[in-house]
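Structure file final35.tsv with TSV, N, CA and C atoms:
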chain	number	residue	atom	x	y	z
A	607	MET	N	28.50	-26.85	-30.32
A	607	MET	CA	29.69	-27.56	-29.89
A	607	MET	C	30.81	-27.33	-30.92
A	608	LEU	N	32.00	-27.11	-30.41
A	608	LEU	CA	33.14	-26.94	-31.29
A	608	LEU	C	33.51	-28.28	-31.90
A	609	LYS	N	33.86	-28.27	-33.19
A	609	LYS	CA	34.17	-29.50	-33.92
A	609	LYS	C	35.67	-29.67	-34.19
A	610	LYS	N	36.35	-28.56	-34.46
A	610	LYS	CA	37.78	-28.65	-34.81
A	610	LYS	C	38.35	-27.25	-34.90
A	611	ILE	N	39.67	-27.17	-34.97
A	611	ILE	CA	40.30	-25.90	-35.32
A	611	ILE	C	40.13	-25.75	-36.83
A	612	ASP	N	39.49	-24.68	-37.24
A	612	ASP	CA	39.24	-24.46	-38.66
A	612	ASP	C	40.45	-23.82	-39.33
A	613	HIS	N	40.98	-22.76	-38.69
A	613	HIS	CA	42.14	-22.10	-39.29
A	613	HIS	C	42.88	-21.25	-38.26
A	614	LEU	N	44.11	-20.93	-38.63
A	614	LEU	CA	44.93	-19.99	-37.89
A	614	LEU	C	45.06	-18.75	-38.75
A	615	GLY	N	44.66	-17.61	-38.21
A	615	GLY	CA	44.77	-16.35	-38.94
A	615	GLY	C	46.13	-15.72	-38.69
A	616	ILE	N	46.84	-15.43	-39.77
A	616	ILE	CA	48.17	-14.85	-39.66
A	616	ILE	C	48.18	-13.53	-40.42
A	617	ALA	N	48.43	-12.44	-39.70
A	617	ALA	CA	48.50	-11.12	-40.32
A	617	ALA	C	49.82	-10.99	-41.08
A	618	VAL	N	49.74	-10.46	-42.29
A	618	VAL	CA	50.93	-10.24	-43.12
A	618	VAL	C	50.82	-8.85	-43.75
A	619	THR	N	51.97	-8.27	-44.05
A	619	THR	CA	51.94	-6.97	-44.72
A	619	THR	C	51.67	-7.13	-46.21
A	620	SER	N	52.01	-8.31	-46.77
A	620	SER	CA	51.80	-8.57	-48.20
A	620	SER	C	51.64	-10.07	-48.43
A	621	ILE	N	50.49	-10.46	-48.96
A	621	ILE	CA	50.29	-11.87	-49.31
A	621	ILE	C	51.29	-12.28	-50.39
A	622	GLU	N	51.48	-11.43	-51.38
A	622	GLU	CA	52.39	-11.73	-52.49
A	622	GLU	C	53.80	-12.03	-51.98
A	623	GLN	N	54.26	-11.26	-51.00
A	623	GLN	CA	55.60	-11.48	-50.46
A	623	GLN	C	55.65	-12.65	-49.49
A	624	SER	N	54.53	-12.99	-48.87
A	624	SER	CA	54.48	-14.06	-47.87
A	624	SER	C	54.30	-15.45	-48.47
A	625	LEU	N	53.59	-15.55	-49.58
A	625	LEU	CA	53.29	-16.86	-50.16
A	625	LEU	C	54.51	-17.71	-50.50
A	626	PRO	N	55.62	-17.14	-51.00
A	626	PRO	CA	56.77	-17.99	-51.32
A	626	PRO	C	57.25	-18.82	-50.12
A	627	TYR	N	57.17	-18.29	-48.92
A	627	TYR	CA	57.56	-19.08	-47.75
A	627	TYR	C	56.69	-20.33	-47.63
A	628	TYR	N	55.39	-20.16	-47.73
A	628	TYR	CA	54.48	-21.29	-47.56
A	628	TYR	C	54.56	-22.26	-48.74
A	629	GLU	N	54.72	-21.73	-49.96
A	629	GLU	CA	54.71	-22.59	-51.14
A	629	GLU	C	56.08	-23.19	-51.44
A	630	LYS	N	57.14	-22.40	-51.33
A	630	LYS	CA	58.46	-22.91	-51.71
A	630	LYS	C	59.20	-23.54	-50.54
A	631	VAL	N	59.20	-22.90	-49.40
A	631	VAL	CA	59.92	-23.42	-48.25
A	631	VAL	C	59.17	-24.59	-47.62
A	632	LEU	N	57.86	-24.42	-47.40
A	632	LEU	CA	57.07	-25.47	-46.75
A	632	LEU	C	56.45	-26.46	-47.73
A	633	GLY	N	56.39	-26.10	-49.01
A	633	GLY	CA	55.83	-27.01	-50.01
A	633	GLY	C	54.31	-27.09	-49.98
A	634	LEU	N	53.64	-26.08	-49.45
A	634	LEU	CA	52.18	-26.05	-49.40
A	634	LEU	C	51.66	-25.27	-50.60
A	635	LYS	N	50.34	-25.30	-50.80
A	635	LYS	CA	49.76	-24.65	-51.97
A	635	LYS	C	48.66	-23.70	-51.55
A	636	CYS	N	48.70	-22.49	-52.09
A	636	CYS	CA	47.62	-21.53	-51.88
A	636	CYS	C	46.43	-21.98	-52.72
A	637	GLU	N	45.30	-22.13	-52.07
A	637	GLU	CA	44.11	-22.62	-52.76
A	637	GLU	C	43.17	-21.51	-53.21
A	638	LYS	N	43.22	-20.38	-52.52
A	638	LYS	CA	42.23	-19.36	-52.81
A	638	LYS	C	42.69	-18.02	-52.24
A	639	ILE	N	42.51	-16.97	-53.03
A	639	ILE	CA	42.74	-15.61	-52.55
A	639	ILE	C	41.45	-14.85	-52.79
A	640	GLU	N	41.01	-14.12	-51.77
A	640	GLU	CA	39.79	-13.32	-51.91
A	640	GLU	C	39.89	-12.08	-51.05
A	641	THR	N	39.11	-11.08	-51.41
A	641	THR	CA	39.01	-9.86	-50.63
A	641	THR	C	37.68	-9.86	-49.90
A	642	VAL	N	37.74	-9.52	-48.61
A	642	VAL	CA	36.53	-9.41	-47.80
A	642	VAL	C	36.38	-7.93	-47.48
A	643	GLU	N	35.58	-7.25	-48.28
A	643	GLU	CA	35.42	-5.80	-48.17
A	643	GLU	C	34.96	-5.38	-46.77
A	644	SER	N	34.02	-6.14	-46.19
A	644	SER	CA	33.47	-5.78	-44.88
A	644	SER	C	34.52	-5.81	-43.78
A	645	GLN	N	35.56	-6.63	-43.95
A	645	GLN	CA	36.63	-6.73	-42.95
A	645	GLN	C	37.87	-5.94	-43.35
A	646	LYS	N	37.86	-5.38	-44.56
A	646	LYS	CA	38.98	-4.60	-45.09
A	646	LYS	C	40.27	-5.42	-45.12
A	647	VAL	N	40.15	-6.65	-45.64
A	647	VAL	CA	41.30	-7.53	-45.76
A	647	VAL	C	41.26	-8.31	-47.08
A	648	LYS	N	42.44	-8.69	-47.50
A	648	LYS	CA	42.59	-9.68	-48.57
A	648	LYS	C	43.09	-10.94	-47.87
A	649	THR	N	42.53	-12.09	-48.22
A	649	THR	CA	42.91	-13.34	-47.55
A	649	THR	C	43.44	-14.34	-48.56
A	650	ALA	N	44.32	-15.19	-48.08
A	650	ALA	CA	44.82	-16.33	-48.85
A	650	ALA	C	44.69	-17.55	-47.98
A	651	PHE	N	44.14	-18.63	-48.53
A	651	PHE	CA	43.94	-19.86	-47.76
A	651	PHE	C	44.88	-20.95	-48.24
A	652	ILE	N	45.55	-21.55	-47.27
A	652	ILE	CA	46.48	-22.65	-47.49
A	652	ILE	C	46.02	-23.77	-46.56
A	653	THR	N	45.92	-25.00	-47.08
A	653	THR	CA	45.46	-26.11	-46.25
A	653	THR	C	46.61	-27.03	-45.92
A	654	ILE	N	46.64	-27.46	-44.67
A	654	ILE	CA	47.57	-28.51	-44.22
A	654	ILE	C	46.75	-29.44	-43.34
A	655	GLY	N	46.60	-30.67	-43.78
A	655	GLY	CA	45.73	-31.61	-43.07
A	655	GLY	C	44.30	-31.10	-43.13
A	656	GLU	N	43.66	-31.01	-41.97
A	656	GLU	CA	42.29	-30.49	-41.91
A	656	GLU	C	42.23	-29.04	-41.45
A	657	VAL	N	43.39	-28.40	-41.33
A	657	VAL	CA	43.44	-27.03	-40.83
A	657	VAL	C	43.89	-26.10	-41.96
A	658	HIS	N	43.30	-24.92	-41.99
A	658	HIS	CA	43.69	-23.91	-42.96
A	658	HIS	C	44.59	-22.88	-42.28
A	659	ILE	N	45.48	-22.33	-43.05
A	659	ILE	CA	46.23	-21.15	-42.65
A	659	ILE	C	45.60	-20.03	-43.47
A	660	GLU	N	45.16	-18.98	-42.79
A	660	GLU	CA	44.55	-17.85	-43.46
A	660	GLU	C	45.50	-16.66	-43.33
A	661	LEU	N	46.12	-16.29	-44.44
A	661	LEU	CA	46.95	-15.09	-44.44
A	661	LEU	C	46.03	-13.89	-44.61
A	662	LEU	N	46.25	-12.86	-43.80
A	662	LEU	CA	45.38	-11.68	-43.78
A	662	LEU	C	46.20	-10.43	-44.08
A	663	GLU	N	45.94	-9.81	-45.21
A	663	GLU	CA	46.62	-8.58	-45.61
A	663	GLU	C	45.62	-7.43	-45.52
A	664	PRO	N	45.96	-6.35	-44.82
A	664	PRO	CA	45.02	-5.24	-44.73
A	664	PRO	C	44.84	-4.55	-46.09
A	665	THR	N	43.61	-4.10	-46.35
A	665	THR	CA	43.34	-3.34	-47.58
A	665	THR	C	43.06	-1.87	-47.28
A	666	ALA	N	43.05	-1.53	-45.99
A	666	ALA	CA	42.83	-0.14	-45.58
A	666	ALA	C	43.56	0.11	-44.28
A	667	PRO	N	44.09	1.32	-44.09
A	667	PRO	CA	44.86	1.61	-42.87
A	667	PRO	C	44.05	1.50	-41.58
A	668	GLU	N	42.72	1.63	-41.67
A	668	GLU	CA	41.89	1.54	-40.47
A	668	GLU	C	41.41	0.13	-40.18
A	669	SER	N	41.82	-0.84	-40.98
A	669	SER	CA	41.38	-2.22	-40.74
A	669	SER	C	42.00	-2.78	-39.46
A	670	THR	N	41.33	-3.75	-38.88
A	670	THR	CA	41.82	-4.41	-37.67
A	670	THR	C	43.20	-5.01	-37.91
A	671	ILE	N	43.42	-5.58	-39.07
A	671	ILE	CA	44.71	-6.22	-39.37
A	671	ILE	C	45.81	-5.16	-39.49
A	672	ALA	N	45.51	-4.02	-40.12
A	672	ALA	CA	46.51	-2.95	-40.20
A	672	ALA	C	46.90	-2.47	-38.82
A	673	LYS	N	45.92	-2.32	-37.94
A	673	LYS	CA	46.20	-1.88	-36.57
A	673	LYS	C	47.02	-2.93	-35.81
A	674	PHE	N	46.71	-4.21	-36.03
A	674	PHE	CA	47.47	-5.29	-35.40
A	674	PHE	C	48.93	-5.24	-35.84
A	675	ILE	N	49.16	-5.09	-37.14
A	675	ILE	CA	50.52	-5.03	-37.67
A	675	ILE	C	51.26	-3.82	-37.11
A	676	GLU	N	50.57	-2.69	-37.03
A	676	GLU	CA	51.19	-1.48	-36.49
A	676	GLU	C	51.60	-1.68	-35.03
A	677	LYS	N	50.73	-2.30	-34.23
A	677	LYS	CA	51.03	-2.56	-32.81
A	677	LYS	C	52.17	-3.57	-32.67
A	678	ASN	N	52.36	-4.38	-33.71
A	678	ASN	CA	53.38	-5.43	-33.69
A	678	ASN	C	54.68	-4.94	-34.34
A	679	GLY	N	54.91	-3.64	-34.30
A	679	GLY	CA	56.15	-3.09	-34.83
A	679	GLY	C	56.28	-3.16	-36.33
A	680	GLY	N	55.15	-3.19	-37.04
A	680	GLY	CA	55.18	-3.24	-38.50
A	680	GLY	C	55.34	-4.64	-39.06
A	681	ARG	N	55.32	-5.62	-38.18
A	681	ARG	CA	55.45	-7.02	-38.60
A	681	ARG	C	54.11	-7.72	-38.40
A	682	GLY	N	53.90	-8.75	-39.14
A	682	GLY	CA	52.71	-9.58	-38.96
A	682	GLY	C	52.92	-10.58	-37.83
A	683	GLY	N	52.09	-11.58	-37.82
A	683	GLY	CA	52.19	-12.62	-36.81
A	683	GLY	C	50.85	-13.30	-36.62
A	684	ILE	N	50.80	-14.25	-35.73
A	684	ILE	CA	49.54	-14.97	-35.49
A	684	ILE	C	48.52	-13.98	-34.93
A	685	HIS	N	47.40	-13.89	-35.59
A	685	HIS	CA	46.36	-12.93	-35.22
A	685	HIS	C	45.22	-13.58	-34.44
A	686	HIS	N	44.78	-14.78	-34.87
A	686	HIS	CA	43.67	-15.43	-34.18
A	686	HIS	C	43.64	-16.93	-34.44
A	687	VAL	N	42.89	-17.62	-33.57
A	687	VAL	CA	42.59	-19.04	-33.76
A	687	VAL	C	41.09	-19.14	-34.01
A	688	ALA	N	40.72	-19.86	-35.06
A	688	ALA	CA	39.31	-20.02	-35.41
A	688	ALA	C	38.86	-21.45	-35.19
A	689	TYR	N	37.75	-21.59	-34.49
A	689	TYR	CA	37.16	-22.89	-34.19
A	689	TYR	C	35.89	-23.06	-34.99
A	690	TYR	N	35.75	-24.21	-35.63
A	690	TYR	CA	34.54	-24.51	-36.41
A	690	TYR	C	33.46	-25.05	-35.50
A	691	THR	N	32.24	-24.57	-35.72
A	691	THR	CA	31.09	-25.06	-34.98
A	691	THR	C	29.91	-25.20	-35.94
A	692	ASP	N	29.03	-26.12	-35.65
A	692	ASP	CA	27.82	-26.23	-36.47
A	692	ASP	C	26.67	-25.44	-35.85
A	693	ASP	N	26.91	-24.77	-34.70
A	693	ASP	CA	25.90	-23.95	-34.03
A	693	ASP	C	26.57	-22.69	-33.49
A	694	ILE	N	26.84	-21.74	-34.38
A	694	ILE	CA	27.58	-20.55	-33.98
A	694	ILE	C	26.79	-19.70	-32.98
A	695	THR	N	25.48	-19.63	-33.14
A	695	THR	CA	24.66	-18.85	-32.20
A	695	THR	C	24.70	-19.47	-30.81
A	696	GLY	N	24.58	-20.78	-30.75
A	696	GLY	CA	24.67	-21.48	-29.46
A	696	GLY	C	26.05	-21.34	-28.84
A	697	GLN	N	27.08	-21.36	-29.66
A	697	GLN	CA	28.45	-21.21	-29.17
A	697	GLN	C	28.66	-19.81	-28.58
A	698	LEU	N	28.11	-18.81	-29.24
A	698	LEU	CA	28.21	-17.44	-28.73
A	698	LEU	C	27.47	-17.30	-27.40
A	699	LYS	N	26.30	-17.92	-27.31
A	699	LYS	CA	25.54	-17.86	-26.06
A	699	LYS	C	26.31	-18.54	-24.93
A	700	GLN	N	26.88	-19.70	-25.21
A	700	GLN	CA	27.66	-20.42	-24.20
A	700	GLN	C	28.84	-19.56	-23.74
A	701	ALA	N	29.54	-18.94	-24.69
A	701	ALA	CA	30.70	-18.10	-24.34
A	701	ALA	C	30.27	-16.90	-23.50
A	702	ALA	N	29.18	-16.24	-23.90
A	702	ALA	CA	28.70	-15.07	-23.16
A	702	ALA	C	28.25	-15.48	-21.76
A	703	ASP	N	27.52	-16.59	-21.66
A	703	ASP	CA	27.06	-17.08	-20.36
A	703	ASP	C	28.22	-17.42	-19.43
A	704	ALA	N	29.35	-17.79	-20.02
A	704	ALA	CA	30.54	-18.15	-19.23
A	704	ALA	C	31.40	-16.92	-18.91
A	705	GLY	N	30.97	-15.73	-19.38
A	705	GLY	CA	31.68	-14.51	-19.04
A	705	GLY	C	32.59	-13.94	-20.11
A	706	ALA	N	32.65	-14.56	-21.28
A	706	ALA	CA	33.49	-14.04	-22.36
A	706	ALA	C	32.84	-12.79	-22.95
A	707	THR	N	33.67	-11.86	-23.39
A	707	THR	CA	33.18	-10.65	-24.05
A	707	THR	C	33.09	-10.91	-25.54
A	708	LEU	N	31.90	-10.71	-26.10
A	708	LEU	CA	31.69	-10.93	-27.52
A	708	LEU	C	32.01	-9.66	-28.30
A	709	LEU	N	32.87	-9.78	-29.29
A	709	LEU	CA	33.09	-8.65	-30.20
A	709	LEU	C	31.96	-8.59	-31.23
A	710	ASN	N	31.39	-9.76	-31.52
A	710	ASN	CA	30.27	-9.85	-32.44
A	710	ASN	C	29.15	-10.63	-31.75
A	711	PRO	N	28.12	-9.96	-31.26
A	711	PRO	CA	27.01	-10.67	-30.61
A	711	PRO	C	26.23	-11.54	-31.60
A	712	GLN	N	26.29	-11.17	-32.88
A	712	GLN	CA	25.67	-11.94	-33.95
A	712	GLN	C	26.74	-12.26	-34.99
A	713	PRO	N	26.66	-13.42	-35.65
A	713	PRO	CA	27.63	-13.75	-36.69
A	713	PRO	C	27.61	-12.73	-37.83
A	714	ILE	N	28.79	-12.52	-38.42
A	714	ILE	CA	28.92	-11.62	-39.56
A	714	ILE	C	29.55	-12.40	-40.71
A	715	GLU	N	29.49	-11.84	-41.90
A	715	GLU	CA	30.06	-12.49	-43.07
A	715	GLU	C	31.58	-12.48	-42.99
A	716	GLY	N	32.18	-13.62	-43.24
A	716	GLY	CA	33.63	-13.75	-43.24
A	716	GLY	C	34.13	-14.30	-44.56
A	717	ALA	N	35.39	-14.63	-44.60
A	717	ALA	CA	36.02	-15.18	-45.80
A	717	ALA	C	35.65	-16.65	-45.95
A	718	ASN	N	35.92	-17.18	-47.13
A	718	ASN	CA	35.80	-18.61	-47.42
A	718	ASN	C	34.38	-19.13	-47.22
A	719	ASN	N	33.39	-18.28	-47.54
A	719	ASN	CA	31.98	-18.65	-47.47
A	719	ASN	C	31.54	-19.05	-46.06
A	720	LYS	N	32.02	-18.31	-45.06
A	720	LYS	CA	31.71	-18.61	-43.67
A	720	LYS	C	31.01	-17.43	-42.99
A	721	LEU	N	30.29	-17.75	-41.93
A	721	LEU	CA	29.82	-16.78	-40.97
A	721	LEU	C	30.78	-16.86	-39.80
A	722	VAL	N	31.13	-15.70	-39.23
A	722	VAL	CA	32.15	-15.67	-38.17
A	722	VAL	C	31.70	-14.76	-37.03
A	723	ALA	N	32.29	-14.96	-35.87
A	723	ALA	CA	32.10	-14.09	-34.71
A	723	ALA	C	33.34	-14.22	-33.83
A	724	PHE	N	33.72	-13.11	-33.21
A	724	PHE	CA	34.96	-13.08	-32.43
A	724	PHE	C	34.69	-12.82	-30.95
A	725	LEU	N	35.57	-13.38	-30.12
A	725	LEU	CA	35.58	-13.11	-28.68
A	725	LEU	C	36.77	-12.20	-28.38
A	726	HIS	N	36.57	-11.24	-27.50
A	726	HIS	CA	37.62	-10.28	-27.17
A	726	HIS	C	38.78	-10.98	-26.45
A	727	PRO	N	40.02	-10.71	-26.87
A	727	PRO	CA	41.17	-11.38	-26.25
A	727	PRO	C	41.34	-11.07	-24.76
A	728	LYS	N	40.79	-9.97	-24.27
A	728	LYS	CA	40.89	-9.67	-22.84
A	728	LYS	C	40.10	-10.68	-22.01
A	729	SER	N	39.17	-11.39	-22.64
A	729	SER	CA	38.38	-12.38	-21.90
A	729	SER	C	38.73	-13.82	-22.30
A	730	THR	N	39.80	-13.98	-23.10
A	730	THR	CA	40.17	-15.33	-23.57
A	730	THR	C	41.64	-15.64	-23.33
A	731	GLY	N	42.21	-15.04	-22.32
A	731	GLY	CA	43.62	-15.31	-22.03
A	731	GLY	C	44.57	-14.68	-23.03
A	732	GLY	N	44.13	-13.64	-23.73
A	732	GLY	CA	45.01	-12.93	-24.65
A	732	GLY	C	44.99	-13.43	-26.08
A	733	VAL	N	44.17	-14.43	-26.39
A	733	VAL	CA	44.11	-14.98	-27.74
A	733	VAL	C	42.79	-14.57	-28.39
A	734	LEU	N	42.86	-13.83	-29.49
A	734	LEU	CA	41.65	-13.50	-30.23
A	734	LEU	C	41.06	-14.81	-30.73
A	735	THR	N	39.81	-15.06	-30.36
A	735	THR	CA	39.15	-16.33	-30.69
A	735	THR	C	38.02	-16.07	-31.67
A	736	GLU	N	37.98	-16.88	-32.72
A	736	GLU	CA	36.93	-16.79	-33.72
A	736	GLU	C	36.12	-18.08	-33.73
A	737	PHE	N	34.81	-17.95	-33.83
A	737	PHE	CA	33.94	-19.08	-34.11
A	737	PHE	C	33.53	-18.92	-35.57
A	738	CYS	N	33.48	-20.01	-36.32
A	738	CYS	CA	33.04	-19.93	-37.70
A	738	CYS	C	32.18	-21.13	-38.05
A	739	THR	N	31.32	-20.92	-39.04
A	739	THR	CA	30.45	-21.97	-39.54
A	739	THR	C	30.19	-21.71	-41.01
A	740	ASP	N	29.81	-22.72	-41.75
A	740	ASP	CA	29.50	-22.54	-43.16
A	740	ASP	C	28.20	-21.76	-43.29
A	741	LYS	N	28.16	-20.88	-44.32
A	741	LYS	CA	26.90	-20.19	-44.61
A	741	LYS	C	25.89	-21.23	-45.07
A	742	LYS	N	24.67	-21.02	-44.69
A	742	LYS	CA	23.63	-21.98	-45.08
A	742	LYS	C	22.92	-21.52	-46.32

Could the structure of this file be written out as structure tokens, please?
Amino acid sequence: MLKKIDHLGIAVTSIEQSLPYYEKVLGLKCEKIETVESQKVKTAFITIGEVHIELLEPTAPESTIAKFIEKNGGRGGIHHVAYYTDDITGQLKQAADAGATLLNPQPIEGANNKLVAFLHPKSTGGVLTEFCTDKK
């Protein structure tokens, strides 16, 4: 069962150039920056209330985020919505049984000490959907 929106993934060309907007204009604080080699991204996490904003900077031209930015005219933008669940395997089964296309049939390692899995936007009304859960 889904518990909450965990984070909004926002593709950026540079975390360093993007952070001043969130920290100076909005008055929020970056809590953590990490690189996720398996996803070919550098991430920065900013919390507002119970929701995180995850800035995603590509670390390789073939990364999904680099391709997203390229398709978006060289600009970033909202990349995905991530929902927290305490049963990611059950959530994937429910989504598949309902006809959603799974990009990840099994959870994979993600940022912020999470396991993640994505649903294809062609089966979710155009919104890349992520399920995430804490690593056990």

Can you tell me, as a short mmCIF file (atom, residue, chain, number, x, y, z; two decimals) with N, CA and C atoms, keeping the file's coordinate frame, what residues are no more than 5 Å from Lys609 in chain A when counting all atoms listed in the file, ignoring any on the same chain fewer than 2 positions away?
data_model
loop_
_atom_site.label_atom_id
_atom_site.label_comp_id
_atom_site.auth_asym_id
_atom_site.auth_seq_id
_atom_site.Cartn_x
_atom_site.Cartn_y
_atom_site.Cartn_z
N MET A 607 28.50 -26.85 -30.32
CA MET A 607 29.69 -27.56 -29.89
C MET A 607 30.81 -27.33 -30.92
N ILE A 611 39.67 -27.17 -34.97
CA ILE A 611 40.30 -25.90 -35.32
C ILE A 611 40.13 -25.75 -36.83
N TYR A 690 35.75 -24.21 -35.63
CA TYR A 690 34.54 -24.51 -36.41
C TYR A 690 33.46 -25.05 -35.50
N THR A 691 32.24 -24.57 -35.72
CA THR A 691 31.09 -25.06 -34.98
C THR A 691 29.91 -25.20 -35.94
#

field: 12 Å contact set for Gly633 in chain A, only C-alpha atoms, chain neighbours under 6 positions out, as number ranges by chain
entry: A: 625-627, 652-654

task: Identify which of the residues A:Lys610, A:Phe651, A:Glu663, A:Thr730 lies closest to Thr707 in chain A, counting only C-alpha atoms when measuring atom-to-atom distances.
output: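 Comparing A:Lys610, A:Phe651, A:Glu663, A:Thr730 against Thr707 in chain A, the winner is A:Thr730.
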
message: One decimal, in Å: what's the spacing between CA of Lys648 in chain A and CA of Leu614 in chain A?
response: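 About the pair CA of Lys648 in chain A and CA of Leu614 in chain A: they are 15.0 Å apart.
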
message: Given only N, CA and C atoms as the basis, pick out the residue of A:Val733, A:Ala672, A:His613, A:Gly716 nearest to Thr641 in chain A.
response: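 Of A:Val733, A:Ala672, A:His613, A:Gly716, the one nearest Thr641 in chain A, counting only N, CA and C atoms, is A:Gly716.
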
- request: Name all residues at most 8 Å from Phe737 in chain A (count only C-alpha atoms; drop same-chain ones fewer than 2 positions away) and give them as number ranges by chain.
  value: A: 688-691, 694, 697, 722-724, 735, 739

query: Can you list every residue in chain A that DSSP puts in helix (DSSP H, G or I), as a PyMOL selection string?
result: chain A and resi 621-631+643-645+670-677+694-703+727-729

query: From the list A:Thr619, A:Gln700, A:Asn718, A:Ser644, which residue is nearest Glu660 in chain A when using only C-alpha atoms?
result: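 Using only C-alpha atoms, the shortest distance to Glu660 in chain A belongs to A:Asn718.
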
message: If you run DSSP on the backbone here, which positions in range 623-677 of chain A get strand (DSSP E or B)? Please write them as a PyMOL selection string.
response: chain A and resi 636-642+647-654+657-664

query: Need the neighbours of (34.7, -14.6, -17.0): which residues are at most 12 Å away, counting only C-alpha atoms, as a ChimeraX atom specification?
result: /A:700-708,725-731

Specify the axis-aligned box that encloses all atoms of range 717-721 of chain A listed in the file after padding of 3 Å on each side, stating its centre and edge lengths in Å to one decimal as lines of an AutoDock Vina configuration file.
center_x = 32.9
center_y = -16.9
center_z = -43.7
size_x = 12.2
size_y = 10.5
size_z = 13.7

- request: Calculate how many Å separate atom C of Lys630 in chain A from atom N of Leu662 in chain A, rounding to one decimal.
  value: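 Between atom C of Lys630 in chain A and atom N of Leu662 in chain A the gap is 18.1 Å.
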
task: Have a look at atom N of Cys636 in chain A and atom N of Leu661 in chain A and let me know their distance in Å, one decimal.
output: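 We find that atom N of Cys636 in chain A and atom N of Leu661 in chain A lie 10.2 Å from each other.
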